[in-house]
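Peer 1: Here you go, this is work-v7.cif (mmCIF, C-alpha atoms).
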```cif
data_query
#
loop_
_atom_site.label_atom_id
_atom_site.label_comp_id
_atom_site.auth_asym_id
_atom_site.auth_seq_id
_atom_site.Cartn_x
_atom_site.Cartn_y
_atom_site.Cartn_z
CA MET A 26 0.39 35.01 -1.72
CA LYS A 27 3.75 34.53 -0.05
CA ASN A 28 4.02 34.94 3.70
CA PRO A 29 6.83 37.46 4.39
CA ALA A 30 7.25 36.05 7.90
CA LEU A 31 8.42 32.68 6.54
CA GLN A 32 11.89 31.89 5.22
CA PRO A 33 12.30 30.31 1.77
CA GLY A 34 12.77 26.58 1.30
CA LEU A 35 13.03 24.20 -1.59
CA LEU A 36 12.44 20.65 -2.80
CA LEU A 37 15.04 19.25 -5.20
CA LEU A 38 14.20 16.07 -7.13
CA GLU A 39 16.67 13.60 -8.59
CA ASP A 40 15.66 14.61 -12.13
CA GLY A 41 17.06 18.08 -11.40
CA SER A 42 13.74 19.88 -10.97
CA VAL A 43 13.47 22.41 -8.16
CA PHE A 44 10.27 23.55 -6.44
CA GLU A 45 10.53 26.64 -4.27
CA GLY A 46 8.30 27.26 -1.27
CA GLU A 47 8.07 28.65 2.23
CA ALA A 48 9.59 27.02 5.32
CA VAL A 49 6.76 26.09 7.68
CA SER A 50 8.94 23.82 9.83
CA PRO A 51 12.76 23.89 9.62
CA GLY A 52 15.17 21.14 8.63
CA THR A 53 16.78 19.17 5.82
CA ARG A 54 15.75 15.60 4.92
CA PHE A 55 16.36 13.20 2.05
CA GLY A 56 13.79 10.61 1.01
CA GLU A 57 11.53 9.17 -1.66
CA VAL A 58 8.95 11.78 -2.67
CA VAL A 59 5.37 10.44 -2.93
CA PHE A 60 1.94 12.04 -3.00
CA ASN A 61 -1.14 11.26 -0.90
CA THR A 62 -4.66 11.94 -2.17
CA SER A 63 -6.51 11.87 1.17
CA MET A 64 -8.64 14.89 2.02
CA THR A 65 -8.45 14.24 5.78
CA GLY A 66 -6.33 12.10 8.10
CA TYR A 67 -3.09 14.03 7.75
CA GLN A 68 -2.01 13.22 11.30
CA GLU A 69 -2.58 9.52 10.61
CA VAL A 70 -0.37 9.90 7.53
CA LEU A 71 2.38 11.61 9.53
CA THR A 72 2.39 8.94 12.25
CA ASP A 73 2.09 5.88 9.99
CA PRO A 74 5.44 4.03 10.28
CA SER A 75 5.01 2.82 6.68
CA TYR A 76 6.04 6.33 5.58
CA ARG A 77 9.53 5.91 7.02
CA GLY A 78 12.00 7.11 4.37
CA GLN A 79 9.45 9.18 2.43
CA ILE A 80 8.67 12.85 1.87
CA VAL A 81 4.90 13.19 1.50
CA VAL A 82 3.11 15.70 -0.72
CA MET A 83 -0.59 16.19 0.03
CA THR A 84 -2.81 16.82 -3.00
CA GLN A 85 -5.55 18.42 -0.89
CA PRO A 86 -4.65 22.15 -1.04
CA HIS A 87 -5.45 23.09 2.58
CA ILE A 88 -3.95 20.86 5.27
CA GLY A 89 -4.26 21.30 9.04
CA ASN A 90 -7.84 22.64 9.16
CA TYR A 91 -8.80 20.70 12.30
CA GLY A 92 -5.42 20.67 14.04
CA THR A 93 -3.98 17.62 15.80
CA THR A 94 -5.03 15.40 18.71
CA THR A 95 -3.18 12.58 20.45
CA GLU A 96 -6.04 10.10 20.13
CA VAL A 97 -5.90 9.85 16.32
CA ALA A 98 -2.14 9.25 16.03
CA GLU A 99 -1.13 5.86 14.60
CA SER A 100 2.09 5.81 16.67
CA LEU A 101 3.88 7.90 19.27
CA HIS A 102 5.48 10.33 16.82
CA PRO A 103 5.66 11.19 13.10
CA TRP A 104 7.72 8.98 10.78
CA VAL A 105 7.64 10.94 7.50
CA GLU A 106 10.92 12.52 6.41
CA GLY A 107 9.21 15.70 5.26
CA PHE A 108 5.75 17.14 4.61
CA ILE A 109 4.52 19.38 1.79
CA ALA A 110 1.18 21.10 1.14
CA ARG A 111 -0.10 24.00 -0.91
CA GLN A 112 -1.03 25.74 2.34
CA PHE A 113 -0.99 24.81 6.02
CA THR A 114 -3.73 26.13 8.29
CA VAL A 115 -2.26 28.10 11.19
CA ARG A 116 -5.48 28.57 13.21
CA PRO A 117 -7.38 25.26 13.21
CA SER A 118 -11.07 24.84 13.95
CA GLY A 119 -13.09 21.82 14.94
CA ALA A 120 -13.57 19.71 18.06
CA SER A 121 -10.96 21.03 20.50
CA PRO A 122 -7.65 20.49 18.67
CA GLU A 123 -4.73 20.09 21.06
CA GLU A 124 -2.40 22.10 18.83
CA SER A 125 -2.09 23.31 15.27
CA LEU A 126 -0.48 21.11 12.66
CA VAL A 127 2.30 23.67 12.14
CA THR A 128 3.15 23.64 15.86
CA TYR A 129 3.00 19.82 15.83
CA LEU A 130 5.43 19.58 12.90
CA ARG A 131 7.87 21.96 14.57
CA ARG A 132 7.66 20.14 17.91
CA TYR A 133 8.61 16.84 16.30
CA GLY A 134 11.22 18.30 13.94
CA VAL A 135 9.47 17.38 10.68
CA PRO A 136 10.66 19.72 7.89
CA ALA A 137 7.69 21.14 5.99
CA LEU A 138 7.09 23.44 3.04
CA GLN A 139 4.07 25.28 1.70
CA GLY A 140 3.53 27.58 -1.25
CA LEU A 141 4.80 25.10 -3.86
CA ASP A 142 2.85 24.36 -7.02
CA THR A 143 1.75 20.98 -5.70
CA ARG A 144 -0.29 20.19 -8.81
CA ALA A 145 2.78 20.55 -11.01
CA LEU A 146 4.80 18.50 -8.52
CA VAL A 147 2.25 15.69 -8.44
CA ARG A 148 1.98 15.64 -12.23
CA ARG A 149 5.74 15.19 -12.41
CA LEU A 150 5.61 12.30 -9.95
CA ARG A 151 2.80 10.65 -11.91
CA GLU A 152 4.79 10.97 -15.14
CA ARG A 153 8.23 10.03 -13.81
CA GLY A 154 7.22 7.88 -10.84
CA ALA A 155 8.27 8.33 -7.22
CA LEU A 156 11.61 10.17 -7.17
CA ARG A 157 14.30 10.66 -4.61
CA GLY A 158 14.35 14.18 -3.29
CA VAL A 159 15.69 16.51 -0.64
CA LEU A 160 13.52 18.98 1.24
CA THR A 161 15.45 21.78 2.89
CA THR A 162 14.74 25.02 4.68
CA GLU A 163 18.42 25.50 5.54
CA ARG A 164 20.38 25.26 2.29
CA SER A 165 20.27 26.81 -1.18
CA ASP A 166 23.28 25.11 -2.81
CA ALA A 167 21.42 23.09 -5.43
CA ALA A 168 24.60 21.60 -6.92
CA GLY A 169 25.78 20.30 -3.55
CA LEU A 170 22.35 18.94 -2.70
CA ALA A 171 22.13 17.20 -6.08
CA ALA A 172 25.47 15.48 -5.51
CA GLU A 173 24.35 14.20 -2.10
CA LEU A 174 20.99 13.14 -3.52
CA ALA A 175 22.71 11.07 -6.23
CA ASP A 176 24.32 8.98 -3.46
CA PHE A 177 21.09 8.56 -1.49
CA PRO A 178 19.65 5.01 -1.80
CA THR A 179 16.46 4.28 -3.70
CA MET A 180 13.57 2.65 -1.87
CA ALA A 181 14.10 -0.58 -3.80
CA GLY A 182 16.37 -2.72 -1.67
CA ARG A 183 15.84 -0.77 1.58
CA ALA A 184 14.91 -2.90 4.60
CA LEU A 185 13.35 -0.37 6.98
CA VAL A 186 11.30 -2.48 9.39
CA ASP A 187 14.12 -2.63 11.93
CA GLU A 188 13.93 1.17 12.23
CA VAL A 189 10.24 1.20 13.17
CA THR A 190 9.54 -2.06 15.06
CA CYS A 191 9.11 -2.26 18.83
CA ASP A 192 12.14 -2.99 21.03
CA SER A 193 10.49 -5.82 22.96
CA ARG A 194 7.25 -7.74 23.11
CA TYR A 195 4.22 -6.29 24.89
CA GLU A 196 0.64 -7.31 25.64
CA MET A 197 -2.65 -5.62 24.80
CA PRO A 198 -5.77 -6.98 26.51
CA ALA A 199 -9.03 -7.85 24.81
CA VAL A 200 -11.93 -5.44 25.21
CA GLY A 201 -14.77 -7.41 26.79
CA GLU A 202 -14.76 -11.20 26.72
CA GLU A 203 -11.51 -12.70 25.45
CA ARG A 204 -12.34 -14.94 22.51
CA ARG A 205 -8.86 -15.49 21.08
CA HIS A 206 -5.17 -14.71 21.54
CA LEU A 207 -3.16 -13.47 18.55
CA ALA A 208 0.49 -12.73 17.91
CA VAL A 209 1.07 -9.52 15.96
CA TYR A 210 4.37 -9.00 14.18
CA ASP A 211 5.23 -5.32 14.43
CA PHE A 212 6.80 -4.34 11.11
CA GLY A 213 5.54 -0.80 11.74
CA VAL A 214 2.06 -1.64 12.98
CA LYS A 215 -0.55 1.12 13.07
CA ALA A 216 -2.37 1.69 16.36
CA ASN A 217 -5.76 1.25 14.75
CA ILE A 218 -4.91 -2.30 13.65
CA LEU A 219 -4.30 -3.20 17.30
CA ARG A 220 -7.38 -1.28 18.39
CA SER A 221 -9.58 -2.96 15.77
CA LEU A 222 -8.47 -6.41 16.93
CA SER A 223 -8.73 -5.78 20.68
CA LEU A 224 -12.23 -4.30 20.30
CA ARG A 225 -13.27 -7.61 18.76
CA GLY A 226 -12.42 -9.62 21.87
CA THR A 227 -8.78 -10.36 21.03
CA ARG A 228 -5.82 -10.42 23.39
CA LEU A 229 -2.66 -9.40 21.55
CA THR A 230 1.00 -10.20 22.00
CA VAL A 231 2.89 -7.68 19.87
CA LEU A 232 6.31 -8.89 18.77
CA PRO A 233 9.47 -7.29 17.31
CA ALA A 234 9.94 -7.86 13.59
CA ARG A 235 12.76 -10.39 13.95
CA THR A 236 11.04 -12.65 16.52
CA PRO A 237 11.69 -16.31 15.53
CA ALA A 238 8.69 -18.38 14.51
CA SER A 239 9.54 -20.86 17.26
CA GLU A 240 8.80 -18.20 19.90
CA VAL A 241 5.41 -17.51 18.32
CA LEU A 242 4.52 -21.20 18.27
CA ALA A 243 5.57 -21.51 21.93
CA LEU A 244 2.98 -18.86 22.86
CA GLY A 245 0.15 -21.16 21.83
CA VAL A 246 -1.67 -18.37 19.98
CA ASP A 247 -4.83 -18.87 17.93
CA GLY A 248 -3.45 -16.96 14.94
CA VAL A 249 -0.87 -14.49 13.64
CA VAL A 250 -1.13 -11.02 12.13
CA LEU A 251 1.64 -9.73 9.85
CA SER A 252 1.41 -5.96 10.01
CA ASN A 253 2.04 -3.10 7.63
CA GLY A 254 5.48 -1.53 7.43
CA PRO A 255 7.91 0.49 5.32
CA GLY A 256 10.46 -0.34 2.65
CA ASP A 257 11.11 -3.17 0.23
CA PRO A 258 9.90 -6.64 1.35
CA GLU A 259 12.38 -8.67 -0.72
CA PRO A 260 15.49 -7.98 1.45
CA LEU A 261 13.62 -9.37 4.49
CA THR A 262 14.68 -12.94 3.78
CA GLY A 263 14.96 -14.00 7.43
CA ILE A 264 11.45 -12.75 8.16
CA VAL A 265 10.10 -14.52 5.07
CA ASP A 266 11.67 -17.78 6.28
CA GLY A 267 9.86 -17.31 9.60
CA VAL A 268 6.54 -16.78 7.82
CA ARG A 269 7.11 -20.06 5.98
CA GLU A 270 7.51 -21.83 9.33
CA LEU A 271 4.25 -20.35 10.56
CA LEU A 272 2.48 -21.41 7.37
CA ALA A 273 3.80 -24.95 7.80
CA ALA A 274 2.36 -25.00 11.33
CA GLY A 275 -1.12 -24.37 9.93
CA LEU A 276 -1.92 -21.29 12.04
CA PRO A 277 -4.49 -18.80 10.74
CA ILE A 278 -2.51 -15.85 9.34
CA PHE A 279 -3.65 -12.39 8.28
CA GLY A 280 -1.21 -10.27 6.25
CA ILE A 281 -1.86 -6.52 5.85
CA CYS A 282 0.08 -4.37 3.35
CA LEU A 283 3.75 -5.32 3.91
CA GLY A 284 2.44 -8.45 5.65
CA HIS A 285 0.53 -9.31 2.46
CA GLN A 286 3.72 -8.94 0.43
CA LEU A 287 5.67 -11.12 2.87
CA LEU A 288 3.03 -13.83 2.54
CA GLY A 289 3.41 -13.67 -1.23
CA LEU A 290 7.18 -14.10 -0.90
CA ALA A 291 6.75 -16.94 1.61
CA PHE A 292 4.62 -18.80 -0.94
CA GLY A 293 7.43 -18.44 -3.49
CA GLY A 294 6.13 -15.33 -5.26
CA ARG A 295 7.87 -12.08 -6.19
CA THR A 296 7.20 -8.40 -5.55
CA PHE A 297 7.93 -5.37 -7.71
CA LYS A 298 8.18 -1.59 -7.28
CA LEU A 299 5.14 0.41 -8.35
CA LYS A 300 5.69 3.53 -10.43
CA PHE A 301 4.35 5.98 -7.86
CA GLY A 302 2.59 3.72 -5.39
CA HIS A 303 -0.87 3.89 -3.86
CA HIS A 304 -1.20 6.51 -1.13
CA GLY A 305 -4.62 7.79 -0.11
CA GLY A 306 -8.11 7.01 1.12
CA ASN A 307 -9.92 6.69 -2.20
CA GLN A 308 -8.50 3.59 -3.91
CA PRO A 309 -11.19 1.41 -5.58
CA VAL A 310 -10.84 -2.36 -5.15
CA ARG A 311 -12.95 -5.11 -6.74
CA ASP A 312 -13.60 -8.35 -4.88
CA LEU A 313 -13.46 -10.93 -7.67
CA PRO A 314 -15.66 -13.67 -6.11
CA THR A 315 -18.56 -11.25 -5.45
CA GLY A 316 -17.91 -8.43 -7.91
CA LYS A 317 -18.40 -5.90 -5.11
CA ILE A 318 -16.40 -2.67 -5.06
CA ALA A 319 -14.85 -1.18 -1.92
CA ILE A 320 -13.21 2.22 -1.55
CA THR A 321 -10.06 1.63 0.49
CA SER A 322 -7.22 3.35 2.30
CA GLN A 323 -3.78 2.45 0.98
CA ASN A 324 -0.13 3.24 1.53
CA HIS A 325 2.37 1.09 -0.31
CA GLY A 326 5.02 1.33 -3.00
CA PHE A 327 5.45 -2.38 -3.82
CA ALA A 328 3.04 -5.05 -5.08
CA VAL A 329 2.86 -8.81 -5.45
CA ASP A 330 3.39 -10.18 -8.97
CA PRO A 331 0.34 -12.41 -9.60
CA ALA A 332 2.13 -14.47 -12.25
CA SER A 333 4.72 -15.53 -9.66
CA LEU A 334 2.25 -17.03 -7.19
CA PRO A 335 1.77 -20.81 -7.10
CA ALA A 336 -1.39 -22.31 -8.57
CA PHE A 337 -3.06 -22.80 -5.18
CA CYS A 338 -2.84 -19.05 -4.45
CA LYS A 339 -5.76 -17.33 -6.16
CA VAL A 340 -5.99 -13.57 -6.61
CA THR A 341 -9.23 -12.49 -4.91
CA GLN A 342 -9.08 -8.68 -5.17
CA VAL A 343 -7.64 -6.21 -7.66
CA ASN A 344 -7.09 -2.46 -7.79
CA LEU A 345 -9.39 -0.89 -10.37
CA ASN A 346 -6.94 1.90 -11.20
CA ASP A 347 -4.06 -0.29 -12.35
CA GLY A 348 -5.13 -3.93 -11.96
CA THR A 349 -2.54 -4.77 -9.29
CA VAL A 350 -3.14 -7.47 -6.69
CA GLU A 351 -5.03 -6.29 -3.58
CA GLY A 352 -5.59 -9.71 -2.04
CA PHE A 353 -5.09 -13.42 -2.57
CA ALA A 354 -6.21 -16.64 -0.89
CA ALA A 355 -4.42 -19.95 -0.41
CA GLU A 356 -6.85 -22.76 -1.19
CA GLY A 357 -7.63 -24.96 1.79
CA ARG A 358 -5.64 -22.82 4.25
CA PRO A 359 -6.75 -20.21 6.84
CA VAL A 360 -4.55 -17.55 5.25
CA TYR A 361 -5.91 -14.08 4.53
CA SER A 362 -4.06 -11.40 2.62
CA VAL A 363 -4.88 -7.78 1.71
CA GLN A 364 -2.68 -5.05 0.29
CA TYR A 365 -4.80 -2.20 1.62
CA HIS A 366 -5.77 -1.14 5.18
CA PRO A 367 -9.02 -2.56 6.65
CA GLU A 368 -8.38 -0.58 9.85
CA ALA A 369 -8.48 2.71 7.90
CA ALA A 370 -8.73 5.80 10.10
CA PRO A 371 -10.38 8.20 9.55
CA GLY A 372 -11.82 5.99 6.80
CA PRO A 373 -13.24 4.62 4.60
CA HIS A 374 -14.51 1.73 6.71
CA GLU A 375 -15.92 -0.61 4.05
CA ALA A 376 -13.07 -3.12 4.46
CA ALA A 377 -13.33 -3.53 8.25
CA VAL A 378 -15.31 -6.74 7.67
CA LEU A 379 -12.01 -8.41 6.74
CA PHE A 380 -11.05 -8.45 10.42
CA ASP A 381 -14.23 -10.35 11.22
CA ARG A 382 -13.57 -12.95 8.51
CA PHE A 383 -10.08 -13.62 9.81
CA LEU A 384 -11.06 -13.63 13.47
CA GLU A 385 -13.81 -16.16 12.79
CA ALA A 386 -11.09 -18.57 11.63
CA ALA A 387 -8.91 -17.75 14.65
CA THR A 388 -11.65 -17.98 17.31
CA ARG A 389 -11.35 -20.74 19.89
CA LYS A 390 -13.85 -23.51 19.30
#
```
Could the structure of this file be written out as structure tokens, please?
Peer 2:
Amino acid sequence: MKNPALQPGLLLLEDGSVFEGEAVSPGTRFGEVVFNTSMTGYQEVLTDPSYRGQIVVMTQPHIGNYGTTTEVAESLHPWVEGFIARQFTVRPSGASPEESLVTYLRRYGVPALQGLDTRALVRRLRERGALRGVLTTERSDAAGLAAELADFPTMAGRALVDEVTCDSRYEMPAVGEERRHLAVYDFGVKANILRSLSLRGTRLTVLPARTPASEVLALGVDGVVLSNGPGDPEPLTGIVDGVRELLAAGLPIFGICLGHQLLGLAFGGRTFKLKFGHHGGNQPVRDLPTGKIAITSQNHGFAVDPASLPAFCKVTQVNLNDGTVEGFAAEGRPVYSVQYHPEAAPGPHEAAVLFDRFLEAATRK
């Protein structure tokens, strides 16, 4: 049932389709429209810098049930361009929410719609792939919006890490006994990656995305983490060159999501755009050496082409939905690479052991 207190809004896709809804939070934004299948963790989705440039549609019909709290945010503010759900909960329940999701979206200026047929919208995205779109609560001129949308860039070719990285380096102390010191490249790093490392006795130096490899080597760190982040990895040629320098130095390196793709490029591989990407907390991954299955949290629109990797890089994990690469290993080198998120919050937590495997290689002897 429509809420008469809410103004109308719409989502226009580049294929000309229009989905009408109700304006929960005002504004107009352009972006790549993707869907996320998580049942919980909507605030983590909103604040994940990897969603820069994207309008997110949640497949779970009721979003906002437990409100929002500062402690679960993955960064200081939301990064999504727009947010869509079948229905947003106005009066949240649960363990002392600080504010409702609707109030949160309005406070941070994130345009949001409800009341759309999200199942029909997601089916279209699965059939056509991720599409450019414009979410608006302020305009109704579909022809004018379509003309502007035609000029809006696709995600392929967009280098977005400079929009989300930190301005300057900063330190994060180890929790308990310090067992190692790592450099973390911030390509849009999630707070729980940093938290997961520090809780394991790791002091962190977090670095802007364009920090030269020479500065990292001068720190005398025990290893390097290449974080998650938004956009297309292939335009990041300067960053890839830096990763090659770090590989040549023999440092233990752990690449997560975008960091995994950058490692693939640094080894001479290629990446490609997925049809509609992997976004959600229920992606099944098989570990090839053991045959074990893990349910993982993922958020990415690009993947590494396994045929492009050199012979010494062996694919170790694959996605069971589409067979894409979820991890590879470089024989004889302390290099660890995963496409998904071992730090997943609120979960699943099956992949957290990957931090321990990497940190064992980076621990001071």
Peer 1: Tell me which of A:Val214, A:Leu126, A:Glu45, A:Ile264 sits closest to Asp73 of chain A, counting only C-alpha atoms.
Peer 2: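 Closest to Asp73 of chain A, using only C-alpha atoms: A:Val214.
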Peer 1: So that I can check the surroundings of segment 335-343 of chain A, please list as JSON, numbers by chain every protein, DNA and RNA residue that reaches within 9 Å of it, counting only C-alpha atoms and ignoring chain neighbours fewer than 3 positions away.
Peer 2: {"A": [289, 292, 293, 294, 309, 310, 311, 312, 313, 314, 331, 332, 346, 347, 348, 349, 350, 351, 352, 353, 354, 355, 356, 357, 363]}
Peer 1: Could you check the closest approach to Leu271 of chain A for each of A:Thr296, A:Thr190, A:Ser239, A:Gln364 and tell me which residue wins, using all atoms listed in the file?
Peer 2: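 The answer is A:Ser239, which sits nearest to Leu271 of chain A.
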Peer 1: Any chance you could work out the residue set of the PyMOL selection byres ((chain A and resi 322) around 8) here, as an MDAnalysis selection string?
Peer 2: chainID A and resid 304:308 320:321 323:324 365:367 369 372:373
Peer 1: For a cut-off of 8 Å around (2.2, 0.9, -7.7), file coordinates, pick out all residues using all atoms listed in the file and list them as a VMD selection string.
Peer 2: chain A and resid 298 to 303 325 to 328 347 349
Peer 1: Go through the shown structure with the PyMOL selection byres ((chain A and resi 278-284) around 7) and write out the matching residues as an mmCIF file with C-alpha atoms, keeping the file's coordinate frame.
Peer 2:
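Heads up, here's the output in expr36.cif:
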```
data_model
loop_
_atom_site.group_PDB
_atom_site.id
_atom_site.type_symbol
_atom_site.label_atom_id
_atom_site.label_comp_id
_atom_site.auth_asym_id
_atom_site.auth_seq_id
_atom_site.Cartn_x
_atom_site.Cartn_y
_atom_site.Cartn_z
ATOM 1 C CA GLY A 248 -3.450 -16.960 14.940
ATOM 2 C CA VAL A 249 -0.870 -14.490 13.640
ATOM 3 C CA VAL A 250 -1.130 -11.020 12.130
ATOM 4 C CA LEU A 251 1.640 -9.730 9.850
ATOM 5 C CA SER A 252 1.410 -5.960 10.010
ATOM 6 C CA ASN A 253 2.040 -3.100 7.630
ATOM 7 C CA GLY A 254 5.480 -1.530 7.430
ATOM 8 C CA PRO A 258 9.900 -6.640 1.350
ATOM 9 C CA LEU A 276 -1.920 -21.290 12.040
ATOM 10 C CA PRO A 277 -4.490 -18.800 10.740
ATOM 11 C CA HIS A 285 0.530 -9.310 2.460
ATOM 12 C CA GLN A 286 3.720 -8.940 0.430
ATOM 13 C CA LEU A 287 5.670 -11.120 2.870
ATOM 14 C CA LEU A 288 3.030 -13.830 2.540
ATOM 15 C CA HIS A 325 2.370 1.090 -0.310
ATOM 16 C CA PRO A 359 -6.750 -20.210 6.840
ATOM 17 C CA VAL A 360 -4.550 -17.550 5.250
ATOM 18 C CA TYR A 361 -5.910 -14.080 4.530
ATOM 19 C CA SER A 362 -4.060 -11.400 2.620
ATOM 20 C CA VAL A 363 -4.880 -7.780 1.710
ATOM 21 C CA GLN A 364 -2.680 -5.050 0.290
ATOM 22 C CA TYR A 365 -4.800 -2.200 1.620
ATOM 23 C CA HIS A 366 -5.770 -1.140 5.180
ATOM 24 C CA PHE A 383 -10.080 -13.620 9.810
#
```
Peer 1: Mind listing as a count of residues only all residues within 9 Å of (4.9, -15.7, 21.0), counting all atoms listed in the file?
Peer 2: 18
Peer 1: Applying the PyMOL selection byres ((chain A and resi 154-170) around 7) to the file I just gave you, which residues come out? Please list them as a VMD selection string.
Peer 2: chain A and resid 33 to 39 48 51 to 59 107 150 to 153 171 to 174 179 300 to 301
Peer 1: A:Gln139, A:Thr227, A:Thr128, A:Asn217: which is nearest Met83 of chain A, counting all atoms listed in the file?
Peer 2: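 Nearest to Met83 of chain A: A:Gln139.
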Peer 1: In terms of the shortest atom-to-atom distance over all atoms listed in the file, which of A:Arg382, A:Arg205, A:Arg235, A:Arg220 is closest to Val268 of chain A?
Peer 2: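 For Val268 of chain A, the nearest of the given residues is A:Arg235.
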Peer 1: List as a VMD selection string the protein and nucleic acid residues near Glu203 of chain A, meaning an atom at most 9 Å away when all atoms listed in the file are counted, but skip any in the same chain fewer than 5 places from it.
Peer 2: chain A and resid 198 223 225 to 228
Peer 1: I'd like the interatomic distance between atom CA of Thr84 of chain A and atom CA of Thr143 of chain A, to a tenth of an Å.
Peer 2: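 About the pair atom CA of Thr84 of chain A and atom CA of Thr143 of chain A: they are 6.7 Å apart.
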